[in-house]
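**Q** Here you go, upload-v4.cif (mmCIF, C-alpha atoms):
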```
data_model
loop_
_atom_site.group_PDB
_atom_site.id
_atom_site.type_symbol
_atom_site.label_atom_id
_atom_site.label_comp_id
_atom_site.auth_asym_id
_atom_site.auth_seq_id
_atom_site.Cartn_x
_atom_site.Cartn_y
_atom_site.Cartn_z
ATOM 1 C CA MET A 29 8.880 30.412 -2.088
ATOM 2 C CA SER A 30 6.095 27.989 -3.050
ATOM 3 C CA VAL A 31 8.580 25.094 -3.189
ATOM 4 C CA GLU A 32 9.777 25.897 0.337
ATOM 5 C CA ALA A 33 6.238 26.079 1.704
ATOM 6 C CA SER A 34 5.191 22.863 -0.021
ATOM 7 C CA ALA A 35 8.227 20.958 1.220
ATOM 8 C CA GLU A 36 7.664 22.145 4.794
ATOM 9 C CA ILE A 37 4.049 20.946 4.727
ATOM 10 C CA ALA A 38 5.222 17.474 3.675
ATOM 11 C CA CYS A 39 2.998 14.489 4.423
ATOM 12 C CA SER A 40 3.242 14.305 8.184
ATOM 13 C CA SER A 41 0.159 14.832 10.307
ATOM 14 C CA GLU A 42 2.103 15.546 13.483
ATOM 15 C CA ILE A 43 0.825 19.125 13.615
ATOM 16 C CA PHE A 44 -1.779 19.280 10.862
ATOM 17 C CA GLU A 45 -2.733 17.711 7.571
ATOM 18 C CA ASP A 46 -2.617 19.424 4.223
ATOM 19 C CA ILE A 47 -6.213 19.010 3.073
ATOM 20 C CA ASN A 48 -5.056 19.422 -0.527
ATOM 21 C CA ASN A 49 -2.835 16.352 -0.276
ATOM 22 C CA PRO A 50 -4.741 13.229 -1.381
ATOM 23 C CA CYS A 51 -2.059 11.103 0.326
ATOM 24 C CA ARG A 52 -2.459 12.602 3.801
ATOM 25 C CA GLU A 53 -2.634 10.188 6.718
ATOM 26 C CA SER A 54 -6.391 10.379 7.212
ATOM 27 C CA GLU A 55 -7.014 9.719 3.510
ATOM 28 C CA LEU A 56 -4.611 6.763 3.419
ATOM 29 C CA THR A 57 -6.254 5.348 6.527
ATOM 30 C CA LYS A 58 -9.677 5.731 4.894
ATOM 31 C CA ARG A 59 -8.451 3.982 1.713
ATOM 32 C CA TYR A 60 -7.010 1.156 3.821
ATOM 33 C CA GLU A 61 -10.314 0.753 5.654
ATOM 34 C CA MET A 62 -12.093 0.537 2.288
ATOM 35 C CA LEU A 63 -9.828 -2.388 1.392
ATOM 36 C CA ARG A 64 -10.606 -4.038 4.689
ATOM 37 C CA LEU A 65 -14.340 -3.364 4.724
ATOM 38 C CA ASN A 66 -15.205 -3.595 1.000
ATOM 39 C CA LYS A 67 -12.610 -5.603 -0.906
ATOM 40 C CA TRP A 68 -12.071 -8.327 1.706
ATOM 41 C CA PRO A 69 -15.792 -9.279 1.963
ATOM 42 C CA LYS A 70 -15.991 -9.399 -1.849
ATOM 43 C CA CYS A 71 -12.956 -11.652 -1.889
ATOM 44 C CA LEU A 72 -14.551 -13.910 0.740
ATOM 45 C CA GLN A 73 -17.690 -14.078 -1.392
ATOM 46 C CA LYS A 74 -15.634 -15.191 -4.410
ATOM 47 C CA ILE A 75 -13.920 -17.854 -2.295
ATOM 48 C CA LYS A 76 -17.314 -19.148 -1.140
ATOM 49 C CA GLU A 77 -18.664 -19.160 -4.706
ATOM 50 C CA LYS A 78 -15.618 -21.074 -5.853
ATOM 51 C CA SER A 79 -16.090 -23.550 -2.999
ATOM 52 C CA ASN A 80 -19.791 -23.979 -3.816
ATOM 53 C CA LYS A 81 -18.906 -24.887 -7.401
ATOM 54 C CA ARG A 82 -16.765 -27.686 -5.962
ATOM 55 C CA ARG A 83 -19.662 -29.077 -3.912
ATOM 56 C CA GLY A 84 -19.038 -27.058 -0.747
ATOM 57 C CA GLU A 85 -15.677 -28.377 0.334
ATOM 58 C CA THR A 86 -15.052 -26.315 3.494
ATOM 59 C CA ALA A 87 -11.466 -27.558 3.828
ATOM 60 C CA ASP A 88 -10.637 -26.069 0.424
ATOM 61 C CA GLU A 89 -12.433 -22.842 1.355
ATOM 62 C CA LYS A 90 -10.424 -22.516 4.584
ATOM 63 C CA LYS A 91 -7.183 -23.347 2.775
ATOM 64 C CA GLU A 92 -7.837 -20.769 0.057
ATOM 65 C CA LYS A 93 -8.708 -18.125 2.658
ATOM 66 C CA GLU A 94 -5.406 -18.798 4.450
ATOM 67 C CA THR A 95 -3.552 -18.611 1.118
ATOM 68 C CA VAL A 96 -5.158 -15.237 0.358
ATOM 69 C CA GLU A 97 -4.246 -13.967 3.843
ATOM 70 C CA ARG A 98 -0.587 -14.932 3.296
ATOM 71 C CA MET A 99 -0.665 -13.311 -0.146
ATOM 72 C CA ILE A 100 -1.970 -10.041 1.317
ATOM 73 C CA LYS A 101 0.851 -9.918 3.869
ATOM 74 C CA LYS A 102 3.462 -10.715 1.194
ATOM 75 C CA VAL A 103 2.120 -8.007 -1.125
ATOM 76 C CA PHE A 104 2.157 -5.352 1.622
ATOM 77 C CA ASP A 105 5.676 -6.433 2.628
ATOM 78 C CA LYS A 106 6.832 -6.276 -1.012
ATOM 79 C CA ALA A 107 5.349 -2.797 -1.428
ATOM 80 C CA SER A 108 7.131 -1.598 1.700
ATOM 81 C CA THR A 109 10.454 -3.111 0.597
ATOM 82 C CA ASP A 110 10.129 -1.681 -2.924
ATOM 83 C CA MET A 111 9.412 1.823 -1.620
ATOM 84 C CA LYS A 112 12.310 1.663 0.852
ATOM 85 C CA LYS A 113 14.593 0.862 -2.087
ATOM 86 C CA LYS A 114 13.169 3.745 -4.128
ATOM 87 C CA LYS A 115 13.637 6.146 -1.213
ATOM 88 C CA GLU A 116 17.220 4.941 -0.754
ATOM 89 C CA LEU A 117 17.896 5.547 -4.456
ATOM 90 C CA LEU A 118 16.448 9.040 -4.202
ATOM 91 C CA HIS A 119 18.452 9.679 -1.047
ATOM 92 C CA THR A 120 21.639 8.493 -2.767
ATOM 93 C CA PHE A 121 20.911 10.710 -5.777
ATOM 94 C CA PHE A 122 20.353 13.816 -3.683
ATOM 95 C CA LYS A 123 23.357 13.091 -1.439
ATOM 96 C CA THR A 124 25.715 12.773 -4.404
ATOM 97 C CA SER A 125 24.331 15.770 -6.276
ATOM 98 C CA ASP A 126 25.793 18.491 -3.986
ATOM 99 C CA SER A 127 25.939 17.926 -0.257
ATOM 100 C CA THR A 128 29.238 19.681 0.375
ATOM 101 C CA LYS A 129 27.732 22.852 1.830
ATOM 102 C CA SER A 130 25.550 22.804 4.947
ATOM 103 C CA VAL A 131 23.464 25.651 3.508
ATOM 104 C CA ASN A 132 22.362 23.320 0.725
ATOM 105 C CA ASN A 133 21.419 20.498 3.113
ATOM 106 C CA LYS A 134 18.028 22.070 3.835
ATOM 107 C CA LYS A 135 17.342 22.536 0.122
ATOM 108 C CA ILE A 136 18.478 18.975 -0.606
ATOM 109 C CA SER A 137 16.173 17.687 2.122
ATOM 110 C CA GLN A 138 13.283 19.704 0.695
ATOM 111 C CA CYS A 139 13.978 18.390 -2.815
ATOM 112 C CA MET A 140 14.069 14.844 -1.452
ATOM 113 C CA ASP A 141 10.716 15.376 0.267
ATOM 114 C CA MET A 142 9.195 16.771 -2.925
ATOM 115 C CA ALA A 143 10.568 13.864 -4.971
ATOM 116 C CA VAL A 144 8.981 11.369 -2.553
ATOM 117 C CA GLN A 145 5.689 13.280 -2.696
ATOM 118 C CA ASN A 146 5.791 13.243 -6.498
ATOM 119 C CA LEU A 147 6.442 9.508 -6.475
ATOM 120 C CA GLN A 148 3.497 9.089 -4.136
ATOM 121 C CA MET A 149 1.234 11.116 -6.464
ATOM 122 C CA MET A 150 2.390 9.111 -9.471
ATOM 123 C CA ILE A 151 1.499 5.863 -7.696
ATOM 124 C CA LEU A 152 -1.841 7.246 -6.491
ATOM 125 C CA TYR A 153 -2.993 8.205 -9.976
ATOM 126 C CA GLU A 154 -1.431 5.252 -11.772
ATOM 127 C CA ASN A 155 -3.668 2.376 -12.834
ATOM 128 C CA CYS A 156 -1.923 -0.455 -10.971
ATOM 129 C CA THR A 157 -2.338 -3.719 -12.901
ATOM 130 C CA HIS A 158 0.968 -5.499 -12.261
ATOM 131 C CA TYR A 159 -0.520 -8.747 -10.927
ATOM 132 C CA GLN A 160 -3.353 -8.670 -13.461
ATOM 133 C CA ASP A 161 -0.799 -8.299 -16.278
ATOM 134 C CA ILE A 162 1.104 -11.334 -14.974
ATOM 135 C CA ASN A 163 -2.173 -13.261 -14.882
ATOM 136 C CA GLU A 164 -2.849 -12.366 -18.532
ATOM 137 C CA GLU A 165 0.698 -13.363 -19.532
ATOM 138 C CA LEU A 166 0.023 -16.785 -18.027
ATOM 139 C CA GLY A 167 -2.885 -17.139 -20.450
ATOM 140 C CA HIS A 168 -5.779 -16.437 -18.078
ATOM 141 C CA ASN A 169 -8.271 -14.277 -19.949
ATOM 142 C CA GLU A 170 -10.824 -13.496 -17.268
ATOM 143 C CA PRO A 171 -9.974 -10.980 -14.542
ATOM 144 C CA ASP A 172 -8.939 -12.704 -11.371
ATOM 145 C CA TYR A 173 -10.272 -11.308 -8.087
ATOM 146 C CA LEU A 174 -7.010 -12.224 -6.339
ATOM 147 C CA CYS A 175 -4.958 -10.244 -8.851
ATOM 148 C CA GLU A 176 -7.233 -7.234 -8.438
ATOM 149 C CA LEU A 177 -6.947 -7.489 -4.648
ATOM 150 C CA ALA A 178 -3.159 -7.893 -4.868
ATOM 151 C CA ASP A 179 -2.880 -4.806 -7.095
ATOM 152 C CA ASP A 180 -5.008 -2.762 -4.695
ATOM 153 C CA CYS A 181 -2.953 -3.959 -1.715
ATOM 154 C CA TYR A 182 0.335 -3.209 -3.485
ATOM 155 C CA LYS A 183 -0.754 0.313 -4.388
ATOM 156 C CA GLN A 184 -1.995 0.972 -0.847
ATOM 157 C CA GLY A 185 1.182 -0.506 0.634
ATOM 158 C CA CYS A 186 3.337 1.764 -1.551
ATOM 159 C CA LEU A 187 1.389 4.867 -0.567
ATOM 160 C CA MET A 188 1.590 3.981 3.121
ATOM 161 C CA ALA A 189 5.332 3.271 2.905
ATOM 162 C CA LEU A 190 5.980 6.634 1.226
ATOM 163 C CA HIS A 191 4.018 8.582 3.815
ATOM 164 C CA ASN A 192 6.117 10.673 6.194
ATOM 165 C CA PRO A 193 6.360 8.985 8.667
ATOM 166 C CA PRO A 194 5.593 5.634 7.016
ATOM 167 C CA LEU A 195 2.314 4.012 8.014
ATOM 168 C CA THR A 196 3.012 0.438 9.041
ATOM 169 C CA LEU A 197 0.709 -2.459 9.769
ATOM 170 C CA ASP A 198 0.610 -4.252 13.100
ATOM 171 C CA TRP A 199 0.819 -7.853 11.869
ATOM 172 C CA ASN A 200 1.393 -9.151 15.417
ATOM 173 C CA ASN A 201 -1.819 -7.681 16.828
ATOM 174 C CA LYS A 202 -4.112 -10.698 16.427
ATOM 175 C CA GLU A 203 -6.847 -9.339 18.745
ATOM 176 C CA LYS A 204 -7.797 -6.509 16.407
ATOM 177 C CA HIS A 205 -7.849 -8.603 13.215
ATOM 178 C CA TYR A 206 -11.369 -9.928 13.825
ATOM 179 C CA GLY A 207 -10.875 -12.695 11.280
ATOM 180 C CA CYS A 208 -9.672 -10.242 8.648
ATOM 181 C CA PRO A 209 -6.195 -10.382 7.078
ATOM 182 C CA PHE A 210 -5.909 -6.576 7.227
ATOM 183 C CA PRO A 211 -4.344 -5.712 10.590
ATOM 184 C CA PRO A 212 -4.683 -2.323 12.230
ATOM 185 C CA ILE A 213 -2.284 0.460 11.332
ATOM 186 C CA LYS A 214 0.492 0.903 13.885
ATOM 187 C CA LEU A 215 0.467 4.285 15.506
ATOM 188 C CA GLY A 216 3.696 5.844 16.681
#
```
Could you show the structure in this file as structure tokens?

**A**
Amino acid sequence: MSVEASAEIACSSEIFEDINNPCRESELTKRYEMLRLNKWPKCLQKIKEKSNKRRGETADEKKEKETVERMIKKVFDKASTDMKKKKELLHTFFKTSDSTKSVNNKKISQCMDMAVQNLQMMILYENCTHYQDINEELGHNEPDYLCELADDCYKQGCLMALHNPPLTLDWNNKEKHYGCPFPPIKLG
């Protein structure tokens, strides 16, 4: 009974949000805004500090900012693509397990939803250091602010892609960017 109730609640906020779910839409939106409002200004500060060490070359500062903006988009796109692949694998697994009876289709769907939710929880509580680990493998000993930002963006992108329905970013909406590489979340 508890599995059925949990699967029906899912992640969607169409009717209501499960306040016990740390990956509900409002919480993911809040986490995304924290990236945009806290992490991005810190990143800009690091870019400016780096530029000041090189005698204030504004061309380099602008170029690095553009590079970081492209990196952010690539990381969010990679997270979305990776999670689509994981969901397809889960879907394939549950389809091949026993989909011969229509009575089982509802149970299979519920199991699929629970598996996606569990994956989402695993990602939420995991310490994401993929890009930082690559940086260390390359022989860089100090933590790199870009790697930290990339890891945060990847984790957020994964959580948003696993949400039901997936939360996507409106990369084409230039008006609402306000000079920030984090576009608004697409609604609907």

**Q** Report the closest atom pair, with its distance in Å rounded to one decimal, for each residue of region 47-79 of chain A that has an atom no farther than 8 Å from region 149-173 of chain A; count only C-alpha atoms, sort by chain and then rising residue number, and write it as CSV.

**A**
```
residue,atom,partner,partner_atom,distance
A:Cys51,CA,A:Met149,CA,7.5
A:Cys71,CA,A:Tyr173,CA,6.8
A:Lys74,CA,A:Tyr173,CA,7.6
```

**Q** So that I have them on file, write out the residues from the current selection with C-alpha atoms, as a compact mmCIF listing (two decimals), in the frame of the given file.

**A**
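Generated output (part07.txt):
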```txt
# COMPACT_ATOMS: atom_id res chain seq x y z
CA CYS A 51 -2.06 11.10 0.33
CA CYS A 71 -12.96 -11.65 -1.89
CA LYS A 74 -15.63 -15.19 -4.41
```

**Q** The PyMOL selection byres ((chain A and resi 193-195) around 12) on the file shown: which residues, as a count of residues only?

**A** 40

**Q** Work out how far CA of Leu63 (chain A) is from CA of Met142 (chain A), in Å to one decimal.

**A**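 Separation of CA of Met142 (chain A) and CA of Leu63 (chain A): 27.3 Å.
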
**Q** Rounded to one decimal in Å, what is the spacing between CA of Cys208 (chain A) and CA of Lys106 (chain A)?

**A**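 Calculated distance between CA of Cys208 (chain A) and CA of Lys106 (chain A) is 19.5 Å.
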
**Q** Find the spatial neighbours of region 116-122 of chain A, counting all atoms listed in the file, within a cut-off of 12 Å - ignore same-chain residues fewer than 2 positions away - and output them as a ChimeraX atom specification.

**A** /A:109-114,124-128,132-147,190

**Q** Using all atoms listed in the file, find the one residue out of A:Leu177, A:Glu45, A:Trp199, A:Lys102 that sits nearest to Pro211 (chain A).

**A** A:Trp199

**Q** Would you mind listing what lies within 9 Å of Glu94 (chain A) as a list in words, with all atoms listed in the file counted and same-chain residues fewer than 5 positions away left out?

**A** Glu89, Met99 and Pro209 of chain A

**Q** Keeping C-alpha atoms, export the residues of the selection given above as a CSV table (one decimal), keeping the file's coordinate frame.

**A**
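The new file again07.csv reads:
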```csv
chain,number,residue,atom,x,y,z
A,89,GLU,CA,-12.4,-22.8,1.4
A,99,MET,CA,-0.7,-13.3,-0.1
A,209,PRO,CA,-6.2,-10.4,7.1
```

**Q** What's the separation between CA of Arg98 (chain A) and CA of Glu77 (chain A), in Å to one decimal place?

**A**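 A separation of 20.2 Å between them.
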